[in-house]
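**Student:** final28.csv is reproduced below (CSV, C-alpha atoms).
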```
chain,number,residue,atom,x,y,z
D,16,MET,CA,-38.2,-34.6,-74.6
D,17,VAL,CA,-37.3,-37.7,-76.6
D,18,ALA,CA,-39.9,-39.5,-78.7
D,19,ASP,CA,-41.5,-42.6,-77.3
D,20,GLU,CA,-41.5,-46.1,-78.8
D,21,PRO,CA,-44.9,-45.8,-80.6
D,22,THR,CA,-43.8,-42.5,-82.2
D,23,PHE,CA,-40.5,-44.0,-83.3
D,24,VAL,CA,-42.4,-47.0,-84.8
D,25,ARG,CA,-44.8,-44.7,-86.7
D,26,LEU,CA,-42.0,-42.6,-88.1
D,27,MET,CA,-39.8,-45.6,-89.0
D,28,ILE,CA,-42.6,-47.2,-91.1
D,29,LYS,CA,-42.8,-43.9,-93.1
D,30,VAL,CA,-39.1,-43.7,-93.4
D,31,GLN,CA,-38.9,-47.2,-94.9
D,32,ASN,CA,-41.4,-46.0,-97.4
D,33,GLY,CA,-39.3,-43.0,-98.3
D,34,ASP,CA,-40.9,-40.1,-96.4
D,35,LYS,CA,-38.2,-37.4,-96.2
D,36,ALA,CA,-40.0,-35.2,-93.7
D,37,CYS,CA,-40.4,-38.1,-91.3
D,38,ALA,CA,-36.8,-39.1,-91.8
D,39,ASN,CA,-35.6,-35.7,-90.7
D,40,VAL,CA,-37.7,-35.9,-87.5
D,41,LEU,CA,-36.8,-39.5,-86.8
D,42,LEU,CA,-33.0,-39.0,-87.3
D,43,SER,CA,-33.1,-36.0,-85.0
D,44,GLU,CA,-35.0,-37.9,-82.3
D,45,ALA,CA,-32.8,-40.9,-82.7
D,46,GLY,CA,-29.8,-38.6,-82.4
D,47,ILE,CA,-31.1,-37.4,-79.0
D,48,TRP,CA,-31.8,-40.9,-77.8
D,49,LEU,CA,-28.3,-42.1,-78.9
D,50,GLU,CA,-26.7,-39.1,-77.1
D,51,ARG,CA,-28.2,-40.3,-73.9
D,52,TYR,CA,-27.3,-43.9,-74.7
D,53,PHE,CA,-23.6,-43.0,-75.1
D,54,ARG,CA,-23.4,-40.5,-72.3
D,55,ARG,CA,-22.6,-43.3,-69.8
D,56,ARG,CA,-20.3,-45.2,-72.1
D,57,VAL,CA,-17.8,-42.8,-73.7
D,58,PRO,CA,-16.1,-39.5,-72.9
D,59,PRO,CA,-18.3,-36.4,-73.8
D,60,HIS,CA,-16.1,-35.3,-76.7
D,61,GLN,CA,-16.5,-38.6,-78.5
D,62,ILE,CA,-20.3,-38.7,-78.2
D,63,ASP,CA,-21.2,-36.8,-81.3
D,64,ASP,CA,-18.8,-38.8,-83.4
D,65,LEU,CA,-20.4,-42.1,-82.3
D,66,VAL,CA,-23.9,-40.7,-82.7
D,67,GLN,CA,-23.1,-39.8,-86.3
D,68,ASP,CA,-21.6,-43.2,-86.8
D,69,VAL,CA,-24.8,-44.9,-85.6
D,70,LEU,CA,-27.0,-42.6,-87.6
D,71,ILE,CA,-25.2,-43.5,-90.8
D,72,ALA,CA,-25.4,-47.2,-89.9
D,73,PHE,CA,-29.1,-46.8,-89.0
D,74,TYR,CA,-29.7,-45.1,-92.4
D,75,THR,CA,-27.8,-47.7,-94.3
D,76,LYS,CA,-29.4,-50.7,-92.6
D,77,ARG,CA,-33.0,-49.2,-92.2
D,78,ALA,CA,-34.3,-52.1,-94.3
D,79,THR,CA,-33.5,-54.6,-91.6
D,80,TRP,CA,-36.1,-53.2,-89.1
D,81,ASP,CA,-39.2,-55.3,-88.9
D,82,PRO,CA,-42.4,-53.3,-88.1
D,83,GLU,CA,-43.6,-56.2,-86.0
D,84,ARG,CA,-40.7,-55.7,-83.7
D,85,ALA,CA,-39.9,-52.9,-81.3
D,86,PHE,CA,-37.8,-50.0,-82.7
D,87,LEU,CA,-35.6,-49.1,-79.7
D,88,PRO,CA,-34.1,-52.5,-79.1
D,89,TRP,CA,-33.2,-52.5,-82.9
D,90,LEU,CA,-31.6,-49.1,-82.6
D,91,ALA,CA,-29.8,-50.1,-79.3
D,92,ALA,CA,-28.4,-53.2,-81.0
D,93,ILE,CA,-26.9,-51.1,-83.8
D,94,ALA,CA,-25.6,-48.6,-81.2
D,95,ARG,CA,-24.0,-51.3,-79.2
D,96,TYR,CA,-22.4,-52.8,-82.3
D,97,ARG,CA,-20.8,-49.4,-83.2
D,98,TRP,CA,-19.8,-48.9,-79.5
D,99,VAL,CA,-18.0,-52.3,-79.4
D,100,ASP,CA,-16.3,-51.4,-82.7
D,101,HIS,CA,-15.2,-48.1,-81.1
D,102,LEU,CA,-13.8,-49.9,-78.0
D,103,ARG,CA,-12.0,-52.3,-80.3
D,104,LYS,CA,-10.3,-49.4,-82.0
D,105,VAL,CA,-9.4,-47.9,-78.7
D,106,TYR,CA,-8.1,-51.3,-77.5
D,107,ARG,CA,-5.9,-51.7,-80.6
D,108,HIS,CA,-4.5,-48.2,-80.1
D,109,ASP,CA,-3.8,-48.9,-76.4
D,110,ALA,CA,-2.2,-52.3,-77.1
D,111,LYS,CA,0.1,-50.7,-79.7
D,112,GLU,CA,1.2,-48.1,-77.3
D,113,LEU,CA,1.9,-50.7,-74.6
D,114,PHE,CA,4.1,-52.7,-76.8
D,115,GLU,CA,5.9,-49.7,-78.1
D,116,ASP,CA,6.7,-49.0,-74.5
D,117,ASP,CA,5.3,-45.5,-74.4
D,118,ALA,CA,2.1,-46.0,-72.5
D,119,VAL,CA,3.8,-44.9,-69.4
D,120,ASN,CA,1.9,-41.7,-69.2
D,121,GLY,CA,-1.6,-42.4,-70.5
D,122,SER,CA,-3.4,-39.3,-71.6
D,123,GLY,CA,-6.3,-38.0,-69.6
D,124,GLU,CA,-8.9,-39.2,-72.1
D,125,ASP,CA,-7.5,-42.7,-72.1
D,126,VAL,CA,-7.9,-42.8,-68.3
D,127,VAL,CA,-11.5,-41.5,-68.5
D,128,LEU,CA,-12.3,-43.9,-71.3
D,129,ALA,CA,-10.8,-46.8,-69.4
D,130,ARG,CA,-12.7,-45.9,-66.3
D,131,ILE,CA,-16.0,-45.7,-68.1
D,132,SER,CA,-15.5,-48.9,-70.1
D,133,LEU,CA,-13.7,-51.1,-67.6
D,134,ASP,CA,-15.1,-50.2,-64.2
D,135,ARG,CA,-18.1,-52.6,-64.4
D,136,LEU,CA,-16.1,-55.3,-66.1
D,137,LEU,CA,-12.9,-55.6,-64.1
D,138,GLY,CA,-14.5,-58.0,-61.8
D,139,LYS,CA,-14.7,-60.5,-64.6
D,140,LEU,CA,-10.9,-60.7,-65.0
D,141,PRO,CA,-8.3,-62.7,-63.1
D,142,VAL,CA,-7.0,-60.6,-60.2
D,143,LYS,CA,-3.5,-60.1,-61.6
D,144,GLN,CA,-4.9,-58.7,-64.9
D,145,ALA,CA,-7.5,-56.6,-63.2
D,146,GLU,CA,-5.0,-55.0,-60.8
D,147,VAL,CA,-2.5,-53.9,-63.4
D,148,ILE,CA,-5.2,-52.6,-65.7
D,149,GLU,CA,-6.6,-50.6,-62.8
D,150,MET,CA,-3.1,-49.2,-61.9
D,151,VAL,CA,-1.9,-48.4,-65.4
D,152,LYS,CA,-5.1,-47.6,-67.3
D,153,ILE,CA,-7.2,-46.0,-64.5
D,154,GLU,CA,-4.9,-44.7,-61.8
D,155,GLY,CA,-2.3,-43.7,-64.5
D,156,LEU,CA,0.7,-45.4,-63.0
D,157,SER,CA,3.7,-46.3,-65.2
D,158,ILE,CA,4.4,-49.9,-66.2
D,159,ARG,CA,7.5,-49.8,-63.9
D,160,GLU,CA,5.5,-48.5,-60.9
D,161,ALA,CA,2.8,-51.1,-61.5
D,162,ALA,CA,5.5,-53.8,-61.7
D,163,GLU,CA,7.1,-52.6,-58.4
D,164,LYS,CA,3.7,-52.5,-56.6
D,165,THR,CA,2.5,-55.9,-57.7
D,166,GLY,CA,5.7,-57.8,-57.8
D,167,GLN,CA,5.2,-58.7,-61.4
D,168,SER,CA,8.0,-58.1,-64.0
D,169,GLU,CA,7.5,-55.2,-66.4
D,170,SER,CA,6.9,-57.7,-69.3
D,171,LEU,CA,4.3,-59.5,-67.3
D,172,VAL,CA,2.5,-56.3,-66.5
D,173,LYS,CA,2.3,-55.5,-70.2
D,174,VAL,CA,1.2,-59.0,-71.1
D,175,ASN,CA,-1.5,-59.0,-68.3
D,176,ILE,CA,-2.8,-55.6,-69.6
D,177,HIS,CA,-2.8,-56.9,-73.1
D,178,ARG,CA,-4.6,-60.1,-72.3
D,179,GLY,CA,-7.0,-58.4,-69.8
D,180,LEU,CA,-8.1,-55.7,-72.4
D,181,LYS,CA,-8.5,-58.4,-75.0
D,182,LYS,CA,-10.7,-60.4,-72.6
D,183,LEU,CA,-12.7,-57.3,-71.8
D,184,ALA,CA,-13.4,-56.7,-75.4
D,185,THR,CA,-14.9,-60.2,-75.6
D,186,VAL,CA,-16.9,-59.7,-72.4
D,187,VAL,CA,-18.3,-56.5,-73.8
D,188,GLU,CA,-19.4,-58.3,-77.0
D,189,ASP,CA,-21.2,-60.9,-74.9
D,190,ILE,CA,-23.2,-58.4,-72.9
D,191,GLU,CA,-26.8,-58.3,-74.0
F,22,MET,CA,-22.0,-41.6,-96.5
F,23,GLU,CA,-19.2,-39.7,-94.6
F,24,LYS,CA,-19.5,-37.9,-91.2
F,25,ARG,CA,-20.1,-34.2,-91.3
F,26,ASN,CA,-19.0,-31.3,-89.2
F,27,SER,CA,-22.4,-31.2,-87.4
F,28,ARG,CA,-25.1,-33.7,-86.8
F,29,GLU,CA,-27.7,-31.4,-88.5
F,30,ASP,CA,-25.6,-31.4,-91.7
F,31,LEU,CA,-25.5,-35.2,-91.6
F,32,ILE,CA,-29.2,-35.5,-91.0
F,33,ALA,CA,-29.9,-33.1,-93.9
F,34,ALA,CA,-27.7,-35.1,-96.3
F,35,LEU,CA,-29.2,-38.4,-95.2
F,36,THR,CA,-32.7,-37.1,-95.6
F,37,GLU,CA,-32.0,-35.7,-99.0
F,38,ASP,CA,-30.8,-39.1,-100.3
F,39,LEU,CA,-33.7,-41.1,-98.8
F,40,THR,CA,-35.4,-43.7,-101.0
F,41,PRO,CA,-38.0,-46.4,-100.1
F,42,VAL,CA,-36.5,-49.7,-99.2
F,43,ARG,CA,-37.6,-53.3,-99.4
F,44,ARG,CA,-37.5,-54.9,-96.0
F,45,VAL,CA,-34.9,-57.5,-95.2
F,46,THR,CA,-36.3,-60.2,-92.9
F,47,ALA,CA,-34.9,-63.3,-91.3
F,48,ARG,CA,-37.1,-65.3,-93.8
F,49,ASP,CA,-35.0,-63.9,-96.6
F,50,GLY,CA,-31.9,-65.5,-95.0
F,51,VAL,CA,-33.6,-68.9,-94.7
F,52,VAL,CA,-34.8,-68.7,-98.3
F,53,ILE,CA,-31.4,-67.6,-99.8
F,54,ILE,CA,-29.5,-70.3,-97.8
F,55,ALA,CA,-32.0,-73.0,-98.6
F,56,PHE,CA,-32.0,-72.1,-102.2
F,57,ALA,CA,-28.2,-72.2,-102.3
F,58,ALA,CA,-28.3,-75.7,-100.6
F,59,VAL,CA,-30.8,-77.0,-103.1
F,60,LEU,CA,-28.8,-75.6,-106.0
F,61,VAL,CA,-25.6,-77.2,-104.7
F,62,ALA,CA,-27.4,-80.5,-104.2
F,63,ALA,CA,-28.5,-80.4,-107.8
F,64,LEU,CA,-25.0,-79.6,-108.9
F,65,CYS,CA,-23.6,-82.5,-106.9
F,66,ALA,CA,-26.2,-84.9,-108.3
F,67,ALA,CA,-25.3,-83.7,-111.8
F,68,ILE,CA,-21.5,-84.1,-111.3
F,69,PHE,CA,-21.3,-87.2,-109.1
F,70,GLY,CA,-24.6,-88.9,-109.9
F,71,PHE,CA,-27.6,-89.2,-107.4
F,72,TRP,CA,-27.4,-92.4,-105.4
F,73,PHE,CA,-30.7,-94.2,-106.1
F,74,GLY,CA,-29.7,-96.9,-103.7
F,75,MET,CA,-31.1,-94.9,-100.8
F,76,LEU,CA,-34.5,-95.0,-102.4
F,77,GLU,CA,-34.3,-98.7,-103.0
F,78,GLY,CA,-33.6,-99.6,-99.4
F,79,GLU,CA,-29.9,-100.1,-99.8
F,80,ALA,CA,-28.8,-97.4,-97.4
F,81,SER,CA,-27.7,-98.4,-93.9
F,82,PRO,CA,-29.2,-96.8,-90.8
F,83,PHE,CA,-26.0,-94.9,-90.4
F,84,PHE,CA,-26.7,-93.1,-93.7
F,85,TRP,CA,-30.0,-91.9,-92.5
F,86,ILE,CA,-28.8,-91.0,-89.0
F,87,THR,CA,-25.8,-89.0,-90.4
F,88,ASN,CA,-27.7,-87.1,-93.0
F,89,GLY,CA,-30.7,-86.6,-90.7
F,90,LEU,CA,-28.4,-85.0,-88.1
F,91,LEU,CA,-26.7,-82.9,-90.9
F,92,ALA,CA,-30.1,-81.7,-92.0
F,93,LEU,CA,-31.2,-80.8,-88.4
F,94,THR,CA,-27.9,-79.0,-87.6
F,95,GLY,CA,-28.1,-77.2,-91.0
F,96,ALA,CA,-31.7,-76.1,-90.2
F,97,ALA,CA,-31.0,-75.0,-86.6
F,98,SER,CA,-27.9,-73.0,-87.6
F,99,THR,CA,-29.6,-71.5,-90.7
F,100,GLY,CA,-32.5,-70.3,-88.5
F,101,ALA,CA,-30.1,-68.8,-86.0
F,102,LEU,CA,-28.0,-67.2,-88.7
F,103,ALA,CA,-31.0,-65.7,-90.4
F,104,ALA,CA,-32.3,-64.3,-87.2
F,105,MET,CA,-28.9,-62.6,-86.6
F,106,GLY,CA,-29.3,-60.5,-89.7
F,107,VAL,CA,-32.0,-58.4,-88.0
F,108,PRO,CA,-30.5,-56.4,-85.1
F,109,ARG,CA,-32.1,-56.9,-81.7
F,110,ILE,CA,-31.3,-57.2,-78.1
F,111,ALA,CA,-32.1,-60.8,-77.2
F,112,PRO,CA,-30.6,-63.7,-75.3
F,113,LYS,CA,-28.3,-65.7,-77.6
F,114,THR,CA,-29.5,-69.2,-78.3
F,115,SER,CA,-27.0,-71.9,-78.0
F,116,ALA,CA,-29.2,-74.5,-79.7
F,117,PRO,CA,-27.2,-74.6,-83.0
F,118,PHE,CA,-24.0,-75.2,-81.1
F,119,TRP,CA,-25.5,-78.1,-79.1
F,120,SER,CA,-26.8,-79.5,-82.4
F,121,ALA,CA,-23.3,-79.2,-83.9
F,122,ALA,CA,-21.9,-80.9,-80.8
F,123,MET,CA,-24.3,-83.8,-81.2
F,124,LEU,CA,-23.1,-84.1,-84.8
F,125,GLY,CA,-19.6,-84.3,-83.4
F,126,ILE,CA,-20.4,-87.7,-81.9
F,127,LEU,CA,-20.2,-89.2,-85.4
F,128,PRO,CA,-16.5,-88.5,-86.2
F,129,LEU,CA,-15.8,-89.4,-82.6
F,130,THR,CA,-17.5,-92.8,-83.2
F,131,ALA,CA,-15.5,-93.2,-86.4
F,132,ILE,CA,-12.2,-92.6,-84.5
F,133,ILE,CA,-13.2,-95.1,-81.8
F,134,THR,CA,-14.1,-97.6,-84.5
F,135,PHE,CA,-10.7,-97.2,-86.1
F,136,LEU,CA,-9.0,-97.6,-82.7
F,137,THR,CA,-11.0,-100.7,-81.8
F,138,LEU,CA,-9.9,-102.1,-85.2
F,139,GLU,CA,-6.4,-102.1,-83.8
F,140,ALA,CA,-7.7,-104.1,-80.9
F,141,GLY,CA,-9.1,-106.7,-83.3
F,142,HIS,CA,-12.8,-106.3,-82.6
F,143,GLU,CA,-15.1,-107.7,-85.2
F,144,HIS,CA,-17.4,-104.6,-85.3
F,145,ALA,CA,-14.5,-102.4,-86.3
F,146,ALA,CA,-14.4,-100.8,-89.7
F,147,ASP,CA,-12.4,-102.3,-92.5
F,148,LEU,CA,-9.5,-99.9,-92.5
F,149,MET,CA,-8.0,-101.6,-95.6
F,150,ASN,CA,-11.1,-100.9,-97.7
F,151,PRO,CA,-9.9,-98.1,-100.1
F,152,THR,CA,-13.4,-96.4,-100.0
F,153,MET,CA,-12.9,-95.8,-96.3
F,154,MET,CA,-10.0,-93.5,-96.9
F,155,ASP,CA,-11.7,-91.4,-99.6
F,156,TRP,CA,-10.6,-87.9,-99.0
F,157,LYS,CA,-12.5,-86.9,-102.2
F,158,CYS,CA,-15.7,-87.1,-100.2
F,159,ALA,CA,-14.3,-84.7,-97.6
F,160,ALA,CA,-13.0,-82.3,-100.3
F,161,ALA,CA,-16.4,-82.4,-102.2
F,162,SER,CA,-18.4,-81.9,-98.9
F,163,LEU,CA,-16.1,-78.9,-98.1
F,164,ALA,CA,-16.5,-77.4,-101.6
F,165,ALA,CA,-20.2,-77.9,-101.4
F,166,GLY,CA,-20.2,-76.1,-98.0
F,167,PHE,CA,-18.2,-73.3,-99.5
F,168,ALA,CA,-20.8,-72.9,-102.3
F,169,VAL,CA,-23.6,-72.7,-99.7
F,170,SER,CA,-21.7,-70.2,-97.7
F,171,ILE,CA,-21.8,-67.8,-100.6
F,172,GLY,CA,-25.5,-67.6,-100.2
F,173,ALA,CA,-25.1,-67.0,-96.4
F,174,VAL,CA,-22.6,-64.2,-96.9
F,175,ILE,CA,-24.8,-62.5,-99.5
F,176,TYR,CA,-27.6,-62.5,-97.0
F,177,LEU,CA,-25.4,-61.3,-94.1
F,178,ARG,CA,-24.0,-58.4,-96.3
F,179,ARG,CA,-27.6,-57.3,-97.1
F,180,SER,CA,-28.7,-57.6,-93.5
F,181,ALA,CA,-27.1,-56.2,-90.3
F,182,PRO,CA,-25.4,-58.8,-88.1
F,183,VAL,CA,-24.2,-57.3,-84.9
F,184,SER,CA,-22.0,-60.1,-83.7
F,185,LEU,CA,-19.5,-60.9,-86.4
F,186,GLN,CA,-17.6,-63.8,-84.8
F,187,ARG,CA,-20.9,-65.6,-84.0
F,188,ALA,CA,-22.1,-65.0,-87.5
F,189,GLY,CA,-18.8,-66.6,-88.7
F,190,TRP,CA,-19.2,-69.7,-86.6
F,191,LEU,CA,-22.9,-70.1,-87.6
F,192,THR,CA,-22.1,-69.6,-91.3
F,193,GLY,CA,-19.5,-72.4,-91.1
F,194,ILE,CA,-21.8,-74.8,-89.3
F,195,ALA,CA,-24.8,-74.0,-91.5
F,196,SER,CA,-23.0,-74.1,-94.8
F,197,GLY,CA,-20.8,-77.0,-93.8
F,198,SER,CA,-23.6,-79.2,-92.7
F,199,LEU,CA,-25.9,-78.3,-95.6
F,200,GLY,CA,-22.9,-78.7,-98.0
F,201,ALA,CA,-22.1,-82.2,-96.6
F,202,LEU,CA,-25.8,-83.1,-96.9
F,203,SER,CA,-26.0,-81.9,-100.5
F,204,TYR,CA,-23.0,-84.0,-101.4
F,205,GLY,CA,-24.2,-86.9,-99.2
F,206,ILE,CA,-27.0,-87.8,-101.6
F,207,THR,CA,-24.4,-88.9,-104.2
F,208,CYS,CA,-22.2,-91.1,-102.0
F,209,PRO,CA,-23.0,-94.8,-101.7
F,210,VAL,CA,-20.5,-95.5,-98.9
F,211,ASP,CA,-22.6,-95.6,-95.8
F,212,ASP,CA,-20.3,-97.0,-93.2
F,213,ILE,CA,-20.3,-95.0,-89.9
F,214,ALA,CA,-16.5,-94.5,-90.1
F,215,HIS,CA,-16.6,-93.1,-93.6
F,216,LEU,CA,-19.6,-90.9,-92.9
F,217,GLY,CA,-18.3,-89.7,-89.6
F,218,LEU,CA,-14.9,-88.7,-90.8
F,219,TYR,CA,-15.3,-87.7,-94.4
F,220,HIS,CA,-18.8,-86.3,-94.4
F,221,VAL,CA,-19.2,-84.8,-90.9
F,222,GLY,CA,-15.5,-83.9,-90.4
F,223,PRO,CA,-15.6,-81.1,-93.0
F,224,VAL,CA,-18.4,-79.4,-91.0
F,225,ALA,CA,-15.9,-78.7,-88.2
F,226,LEU,CA,-13.3,-77.5,-90.7
F,227,ALA,CA,-15.9,-75.2,-92.4
F,228,ALA,CA,-16.8,-73.7,-89.0
F,229,ILE,CA,-13.2,-72.9,-88.2
F,230,LEU,CA,-12.5,-71.5,-91.6
F,231,SER,CA,-15.7,-69.4,-91.6
F,232,ARG,CA,-15.0,-68.1,-88.1
F,233,TYR,CA,-11.8,-66.4,-89.4
F,234,ALA,CA,-12.9,-65.6,-93.0
F,235,VAL,CA,-16.5,-64.4,-92.8
F,236,PRO,CA,-16.3,-61.5,-90.3
F,237,ALA,CA,-14.1,-59.5,-92.7
F,238,LEU,CA,-16.6,-60.1,-95.5
F,239,ILE,CA,-19.7,-59.0,-93.5
F,240,ARG,CA,-18.3,-56.1,-91.4
F,241,TRP,CA,-20.5,-53.0,-91.8
```
Would you mind writing the structure in this file as structure tokens?

**Tutor:**
Amino acid sequence: MVADEPTFVRLMIKVQNGDKACANVLLSEAGIWLERYFRRRVPPHQIDDLVQDVLIAFYTKRATWDPERAFLPWLAAIARYRWVDHLRKVYRHDAKELFEDDAVNGSGEDVVLARISLDRLLGKLPVKQAEVIEMVKIEGLSIREAAEKTGQSESLVKVNIHRGLKKLATVVEDIE
Amino acid sequence: MEKRNSREDLIAALTEDLTPVRRVTARDGVVIIAFAAVLVAALCAAIFGFWFGMLEGEASPFFWITNGLLALTGAASTGALAAMGVPRIAPKTSAPFWSAAMLGILPLTAIITFLTLEAGHEHAADLMNPTMMDWKCAAASLAAGFAVSIGAVIYLRRSAPVSLQRAGWLTGIASGSLGALSYGITCPVDDIAHLGLYHVGPVALAAILSRYAVPALIRW
């Protein structure tokens, strides 16, 4: 069972005062909470990596929590920041692949990640961008196949994927 | 601190190094930025000389309107920037951006004034007046804004902004307007065209420069 808000608050006040025993408990509980937070957002094998990332950020920035404010929204804001950063890295990686012309066979994990990250957001894109992202990044079609299906040129497919993913990164940043 | 093979190892290492911390609050941000602005204003007064004319009733209404709007924009954006240093999930306020947009009316007025000069209207600014084209005011306002932005960046590095682009924009608007205000107390030219272009104009430039320069400095 994950600790509740009042427990987190009590522990965090002691952690800010340097209580090591409470820090151990708090970091463990925060780890469990973060694991749940990321479960719906990234592929399972990336969860622990992101949780460790957030725990380090949490530890480094522990002075920025105000006891008069709730703890979990503070932790969620840090988690979201690291998640967006993670997506940006993935996006850069994807964009590089696209323009090197070897994104034809996206790996399984790319497809899963794309599905998790993009499903909810595709509706916010222009139709032409959304359809090629869905075909190439989710269904796993090649650039050429997507071009044939949509009637767009191969270059246009790449440009639409590039622009669409870039816009998605912005949309994700704007989500509260 | 580096990641470990297991989360338990990481938690053990973090716990081992734990020390008490002094809390960073949004108030710290306001204090640091305000202190930087006051320091810069004092420096401007020492370098360029304080314009006592404003205290003796020589300043035009445009002087008070421009510097009043700069002060309000500076205050609104400083408040928003300081609040950003403390992570939280909350609706983003657009007030500082509206405030900056209102400030934008002044350079727009200056441009219209110049254009109507061409049409020969009497109320138009005297374009031939050399003080009207004083780029030194723009450069000094921008430099003052840069100095104020150092305070803002110091605060943002100590705190934990979770939206870096927004922090960049707000840093530029806050430091640009407070920098222009700090320099503004030394400048006796109080025509709307001069104030709009050479005092308020640099705020927009500061915002654009900060948008691109600041995120890299405050990433964590």

**Student:** Counting all atoms listed in the file, which of F:Ala103, F:Leu127, F:Ala33, F:Val45 gets nearest to Ile213 in chain F?

**Tutor:** F:Leu127

**Student:** At most 12 Å is the cut-off: for each residue in chain F with any atom that close to an atom of chain D, write down the nearest atom pair and the distance in Å rounded to one decimal, counting all atoms listed in the file, chain first then increasing number, as a tab-separated table.

**Tutor:**
```
residue	atom	partner	partner_atom	distance
F:Met22	CA	D:Ile71	CA	6.8
F:Glu23	CA	D:Ile71	CA	8.1
F:Lys24	CA	D:Gln67	CA	6.4
F:Arg25	CA	D:Gln67	CA	8.1
F:Asn26	CA	D:Asp64	CA	9.5
F:Ser27	CA	D:Asp63	CA	8.4
F:Arg28	CA	D:Gln67	CA	6.4
F:Glu29	CA	D:Ser43	CA	7.9
F:Asp30	CA	D:Gln67	CA	10.3
F:Leu31	CA	D:Gln67	CA	7.4
F:Ile32	CA	D:Leu42	CA	6.4
F:Ala33	CA	D:Asn39	CA	7.0
F:Ala34	CA	D:Asn39	CA	9.7
F:Leu35	CA	D:Tyr74	CA	7.3
F:Thr36	CA	D:Lys35	CA	5.5
F:Glu37	CA	D:Lys35	CA	7.0
F:Asp38	CA	D:Lys35	CA	8.6
F:Leu39	CA	D:Gly33	CA	5.9
F:Thr40	CA	D:Gly33	CA	4.8
F:Pro41	CA	D:Gly33	CA	4.1
F:Val42	CA	D:Gln31	CA	5.5
F:Arg43	CA	D:Ala78	CA	6.2
F:Arg44	CA	D:Ala78	CA	4.6
F:Val45	CA	D:Thr79	CA	4.8
F:Thr46	CA	D:Thr79	CA	6.4
F:Ala47	CA	D:Thr79	CA	8.8
F:Arg48	CA	D:Asp81	CA	11.3
F:Asp49	CA	D:Thr79	CA	10.7
F:Gly50	CA	D:Thr79	CA	11.5
F:Ala103	CA	D:Thr79	CA	11.4
F:Ala104	CA	D:Thr79	CA	10.7
F:Met105	CA	D:Thr79	CA	10.5
F:Gly106	CA	D:Thr79	CA	7.5
F:Val107	CA	D:Thr79	CA	5.4
F:Pro108	CA	D:Trp89	CA	5.2
F:Arg109	CA	D:Trp89	CA	4.7
F:Ile110	CA	D:Pro88	CA	5.6
F:Ala111	CA	D:Glu191	CA	6.7
F:Pro112	CA	D:Glu191	CA	6.7
F:Lys113	CA	D:Glu191	CA	8.4
F:Tyr176	CA	D:Thr79	CA	11.2
F:Leu177	CA	D:Thr79	CA	10.8
F:Arg178	CA	D:Lys76	CA	10.1
F:Arg179	CA	D:Lys76	CA	8.2
F:Ser180	CA	D:Thr79	CA	6.0
F:Ala181	CA	D:Lys76	CA	6.4
F:Pro182	CA	D:Tyr96	CA	8.9
F:Val183	CA	D:Tyr96	CA	5.5
F:Ser184	CA	D:Glu188	CA	7.4
F:Leu185	CA	D:Tyr96	CA	9.5
F:Gln186	CA	D:Glu188	CA	9.7
F:Arg187	CA	D:Glu188	CA	10.2
F:Arg240	CA	D:Asp100	CA	10.1
F:Trp241	CA	D:Ala72	CA	7.8
```

**Student:** Would you list the contacts of range 223-234 of chain F as JSON, numbers by chain, taking every protein, DNA or RNA residue within 8 Å and counting only C-alpha atoms, but skipping same-chain residues closer than 2 positions in sequence?

**Tutor:** {"F": [159, 160, 162, 163, 166, 167, 186, 187, 188, 189, 190, 191, 192, 193, 194, 196, 197, 198, 201, 218, 219, 220, 221, 236, 237, 238]}

**Student:** How far is it from CA of Leu136 in chain D to CA of Leu183 in chain D, in Å with one decimal?

**Tutor:**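 Going from CA of Leu136 in chain D over to CA of Leu183 in chain D covers 6.9 Å.
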
**Student:** Rounded to one decimal, what separation in Å do you get between CA of Tyr52 in chain D and CA of Pro21 in chain D?

**Tutor:** 18.7 Å
